[in-house]
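Okay, structure first, notes after.
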There are 2 protein chains.
Amino acid sequence: MTAAISLKPRLFVEAPLGPGQALELPPASAHYLGQVLRSPLGASLALFNGRDGEWAAVIVAQARRTCRVETRELLRPQAPEPGPSLLFAPLKRTRQELLVEKAVELGVQALQPVRLRRGVVERVNPERMRAIAIEAAEQCGRLTLPALADLRALADCLPAPAGPVLYVGDETGGGQALLAAFAAHGPGDLLVGPEGGFDPAELELLRRSPKVVPVDLGPRILRAETAAIAALAAWQLTFAAAG
Amino acid sequence: MTAAISLKPRLFVEAPLGPGQALELPPASAHYLGQVLRSPLGASLALFNGRDGEWAAVIVAQARRTCRVETRELLRPQAPEPGPSLLFAPLKRTRQELLVEKAVELGVQALQPVRLRRGVVERVNPERMRAIAIEAAEQCGRLTLPALADLRALADCLPAPAGPVLYVGDETGGGQALLAAFAAHGPGDLLVGPEGGFDPAELELLRRSPKVVPVDLGPRILRAETAAIAALAAWQLTFAAAG
């Protein structure tokens, strides 16, 4: 948490951003500024698009459904935001939305839903996930959105032999303590299974992969989204901490 | 996460627990077993009360609104469940409930709401907090409920000179990285401020306390409940990890 990012509102846009650039905000953002916040002509805001850094901008024209803004100075140049990919079994709506919001706040780089046998939900809603990710990114000061991948089979999500390790929350109790595993293997991606745990065939598939590191997330039975949030928090505090 | 705790349903009761003991479940639990789960006569369940360990029990009599159970064997003796106190500014309803649920899952020992100037909510609902804490404790396999304290002034929550330190999420950016602070100062309690941050007078009060350790929770602006969850997850993984 830092007080460095203070210009609000802070909005994500798709358009390129650069000095003295005019752009029409998308309708939802125009509505939010004009009808919800009632920002007047000349009001300041911050814009980011995931590529060109964060820019101060001002409202130069507005009508009921439209809002035209013009960029002023660069507030923060684009910079890498290190974070892991989070692989997870899709959850029911409220807990899924919670997972996306918190994962974005906690610096997730990519969200990869995985089809697992004991998962309770068969699909994800990409538009809804994206809307939540944008809102969380706007709120928490990120310069990027996480990548939102389509649902895939576990076999298609195994770590590449030459890539980073995949830390897998192992509810059977055989894993290494998470922080010790982080210290031993460095930054990697995270996989959290469904609440019923992995199926034996899935465990077997995971254990055959030399890049999979089973980890223990503590003595209690964590809900799937809690396990994911805890692992992401630990990742950030270990690998991306300030100071 | 461990698979060791597998007897379900798992219910919290107030009554003392011991061998061969009959007890009448409270109406809400009787309703849950009989009407929601439709558990038949003779069905097994697990009971805990925060004092006497976890016991297997069976349903020995049931009617529409009542359920009588009898304990069988001890499943797990009562054992310490180390965790910090979490001090927090009360939040709006949904985020407050989320905070309580996740804090219980992540092993909080006591929940202490604190009156802070930039807090958005002036009160807590102790009955609702308790109901959520019970449900989370039942689900995650805890043997205890956290203590739920009444709302207090910050001045009444400062750490005792001879007690553990109080880690304070410092959004002004001056804090030590959380895991480094944990390594330096050992297990302590946690204080997370409201989203608007601490008031200057509050910061001054905190900084005058020799037992306060300001900590940095990372580069993004975390929502208050996210900051609390992240700090609790890190605490458990640092001080109570298996392996």
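Letters A, B, ... mark the chains of the structure tokens in the order given; residue numbers begin at 1 per chain; ligand numbers begin at 1, in order shown.
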Problem set entry | Shell of 10 Å around Ile134 of chain A, only C-alpha atoms, local chain residues under 6 positions omitted, as a list in words | Leu11, Phe12, Val13, Glu101, Val104, Arg128, Arg142, Thr144, Leu145 and Pro146 of chain A
Exercise. Using only C-alpha atoms, which chain A residues lie at most 9 Å away from chain B, written as a ChimeraX atom specification?
Worked result: /A:1-5,102,105-107,139-142,169-180,216-223,226-227,229-234,236-238,240-243
For this session: Would you list the contacts of Leu91 of chain A as a list in words, taking every protein, DNA or RNA residue within 10 Å and counting only C-alpha atoms, but skipping same-chain residues closer than 3 positions in sequence?
Result: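 After dropping sequence-adjacent residues, the list is Phe88, Thr94, Arg95, Gln96, Glu97, Leu98, Leu99, Pro113, Gly119, Val120, Val121, Glu122, Arg123, Val124, Pro194, Glu195, Ala224 and Glu225 of chain A.
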Could you save those same residues with N, CA and C atoms as a PDB file, in the first residue's frame?
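What landed in again.pdb:
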ATOM      1  N   PHE A  88      -6.830 -22.334 -11.549  1.00  0.00           N
ATOM      2  CA  PHE A  88      -7.868 -22.624 -10.550  1.00  0.00           C
ATOM      3  C   PHE A  88      -9.053 -23.306 -11.214  1.00  0.00           C
ATOM      4  N   THR A  94     -20.361 -16.034  -6.705  1.00  0.00           N
ATOM      5  CA  THR A  94     -19.871 -15.048  -5.739  1.00  0.00           C
ATOM      6  C   THR A  94     -18.404 -15.295  -5.392  1.00  0.00           C
ATOM      7  N   ARG A  95     -18.064 -16.560  -5.177  1.00  0.00           N
ATOM      8  CA  ARG A  95     -16.683 -16.861  -4.786  1.00  0.00           C
ATOM      9  C   ARG A  95     -15.730 -16.692  -5.973  1.00  0.00           C
ATOM     10  N   GLN A  96     -16.236 -16.945  -7.174  1.00  0.00           N
ATOM     11  CA  GLN A  96     -15.422 -16.711  -8.368  1.00  0.00           C
ATOM     12  C   GLN A  96     -15.114 -15.232  -8.525  1.00  0.00           C
ATOM     13  N   GLU A  97     -16.115 -14.404  -8.307  1.00  0.00           N
ATOM     14  CA  GLU A  97     -15.907 -12.958  -8.450  1.00  0.00           C
ATOM     15  C   GLU A  97     -14.954 -12.443  -7.388  1.00  0.00           C
ATOM     16  N   LEU A  98     -15.117 -12.967  -6.190  1.00  0.00           N
ATOM     17  CA  LEU A  98     -14.204 -12.614  -5.102  1.00  0.00           C
ATOM     18  C   LEU A  98     -12.772 -13.001  -5.456  1.00  0.00           C
ATOM     19  N   LEU A  99     -12.607 -14.200  -5.990  1.00  0.00           N
ATOM     20  CA  LEU A  99     -11.269 -14.671  -6.363  1.00  0.00           C
ATOM     21  C   LEU A  99     -10.631 -13.740  -7.387  1.00  0.00           C
ATOM     22  N   PRO A 113      -8.440 -20.603 -15.793  1.00  0.00           N
ATOM     23  CA  PRO A 113      -9.371 -21.610 -15.268  1.00  0.00           C
ATOM     24  C   PRO A 113      -9.030 -22.990 -15.838  1.00  0.00           C
ATOM     25  N   GLY A 119     -14.316 -30.242  -9.675  1.00  0.00           N
ATOM     26  CA  GLY A 119     -14.778 -28.859  -9.745  1.00  0.00           C
ATOM     27  C   GLY A 119     -16.299 -28.822  -9.717  1.00  0.00           C
ATOM     28  N   VAL A 120     -16.862 -27.742  -9.165  1.00  0.00           N
ATOM     29  CA  VAL A 120     -18.315 -27.666  -9.017  1.00  0.00           C
ATOM     30  C   VAL A 120     -18.973 -26.886 -10.143  1.00  0.00           C
ATOM     31  N   VAL A 121     -18.175 -26.236 -10.944  1.00  0.00           N
ATOM     32  CA  VAL A 121     -18.709 -25.383 -11.997  1.00  0.00           C
ATOM     33  C   VAL A 121     -17.977 -25.726 -13.294  1.00  0.00           C
ATOM     34  N   GLU A 122     -18.712 -25.751 -14.395  1.00  0.00           N
ATOM     35  CA  GLU A 122     -18.161 -26.227 -15.661  1.00  0.00           C
ATOM     36  C   GLU A 122     -17.660 -25.118 -16.572  1.00  0.00           C
ATOM     37  N   ARG A 123     -17.993 -23.865 -16.216  1.00  0.00           N
ATOM     38  CA  ARG A 123     -17.621 -22.820 -17.152  1.00  0.00           C
ATOM     39  C   ARG A 123     -17.335 -21.511 -16.401  1.00  0.00           C
ATOM     40  N   VAL A 124     -16.743 -20.582 -17.112  1.00  0.00           N
ATOM     41  CA  VAL A 124     -16.522 -19.257 -16.557  1.00  0.00           C
ATOM     42  C   VAL A 124     -17.225 -18.247 -17.451  1.00  0.00           C
ATOM     43  N   PRO A 194     -10.053 -27.747  -6.655  1.00  0.00           N
ATOM     44  CA  PRO A 194     -11.404 -27.515  -6.150  1.00  0.00           C
ATOM     45  C   PRO A 194     -11.485 -27.936  -4.682  1.00  0.00           C
ATOM     46  N   GLU A 195     -12.607 -27.594  -4.015  1.00  0.00           N
ATOM     47  CA  GLU A 195     -12.693 -27.907  -2.587  1.00  0.00           C
ATOM     48  C   GLU A 195     -12.652 -29.404  -2.303  1.00  0.00           C
ATOM     49  N   ALA A 224     -11.523 -22.939  -1.581  1.00  0.00           N
ATOM     50  CA  ALA A 224     -10.652 -22.809  -2.760  1.00  0.00           C
ATOM     51  C   ALA A 224     -10.184 -21.371  -2.962  1.00  0.00           C
ATOM     52  N   GLU A 225     -11.107 -20.420  -2.828  1.00  0.00           N
ATOM     53  CA  GLU A 225     -10.707 -19.034  -3.083  1.00  0.00           C
ATOM     54  C   GLU A 225      -9.788 -18.512  -1.984  1.00  0.00           C
TER      55      GLU A 225
END
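Every protein, DNA or RNA residue with an atom at most 8 Å from Ala22 of chain B, where only C-alpha atoms count and chain neighbours fewer than 5 positions away do not, is listed here: B:Arg68, B:Val69, B:Glu70, B:Thr71.
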Keeping only N, CA and C atoms, write those residues as a CSV table (one decimal), in the first residue's frame.
chain,number,residue,atom,x,y,z
B,68,ARG,N,-31.5,-34.9,19.0
B,68,ARG,CA,-30.7,-35.4,20.2
B,68,ARG,C,-29.5,-36.2,19.6
B,69,VAL,N,-28.3,-35.9,20.1
B,69,VAL,CA,-27.2,-36.7,19.7
B,69,VAL,C,-26.4,-37.3,20.9
B,70,GLU,N,-25.6,-38.3,20.6
B,70,GLU,CA,-24.8,-38.8,21.7
B,70,GLU,C,-23.4,-39.0,21.2
B,71,THR,N,-22.4,-38.5,22.0
B,71,THR,CA,-21.0,-38.6,21.6
B,71,THR,C,-20.5,-40.0,21.6
Problem set entry | helix (DSSP H, G or I) call set, DSSP backbone run, segment 4-62 of chain A, as number ranges by chain | A: 27-36
Give me the residues within 9 Å of Arg152 of chain A as a CSV table (one decimal) with N, CA and C atoms, in the first residue's frame, counting only C-alpha atoms and dropping any in the same chain fewer than 4 places off.
chain,number,residue,atom,x,y,z
A,112,GLN,N,-6.0,-18.5,-15.2
A,112,GLN,CA,-6.2,-19.6,-16.0
A,112,GLN,C,-7.2,-20.6,-15.4
A,113,PRO,N,-8.4,-20.6,-15.8
A,113,PRO,CA,-9.4,-21.6,-15.3
A,113,PRO,C,-9.0,-23.0,-15.8
A,114,VAL,N,-9.1,-24.0,-15.0
A,114,VAL,CA,-8.7,-25.4,-15.4
A,114,VAL,C,-9.9,-26.3,-15.1
A,115,ARG,N,-10.2,-27.2,-16.0
A,115,ARG,CA,-11.2,-28.2,-15.8
A,115,ARG,C,-10.7,-29.3,-15.0
A,156,ASP,N,-3.3,-29.7,-20.4
A,156,ASP,CA,-2.8,-28.6,-21.3
A,156,ASP,C,-2.2,-27.5,-20.4
A,157,CYS,N,-2.2,-27.6,-19.1
A,157,CYS,CA,-1.8,-26.6,-18.2
A,157,CYS,C,-0.5,-27.0,-17.5
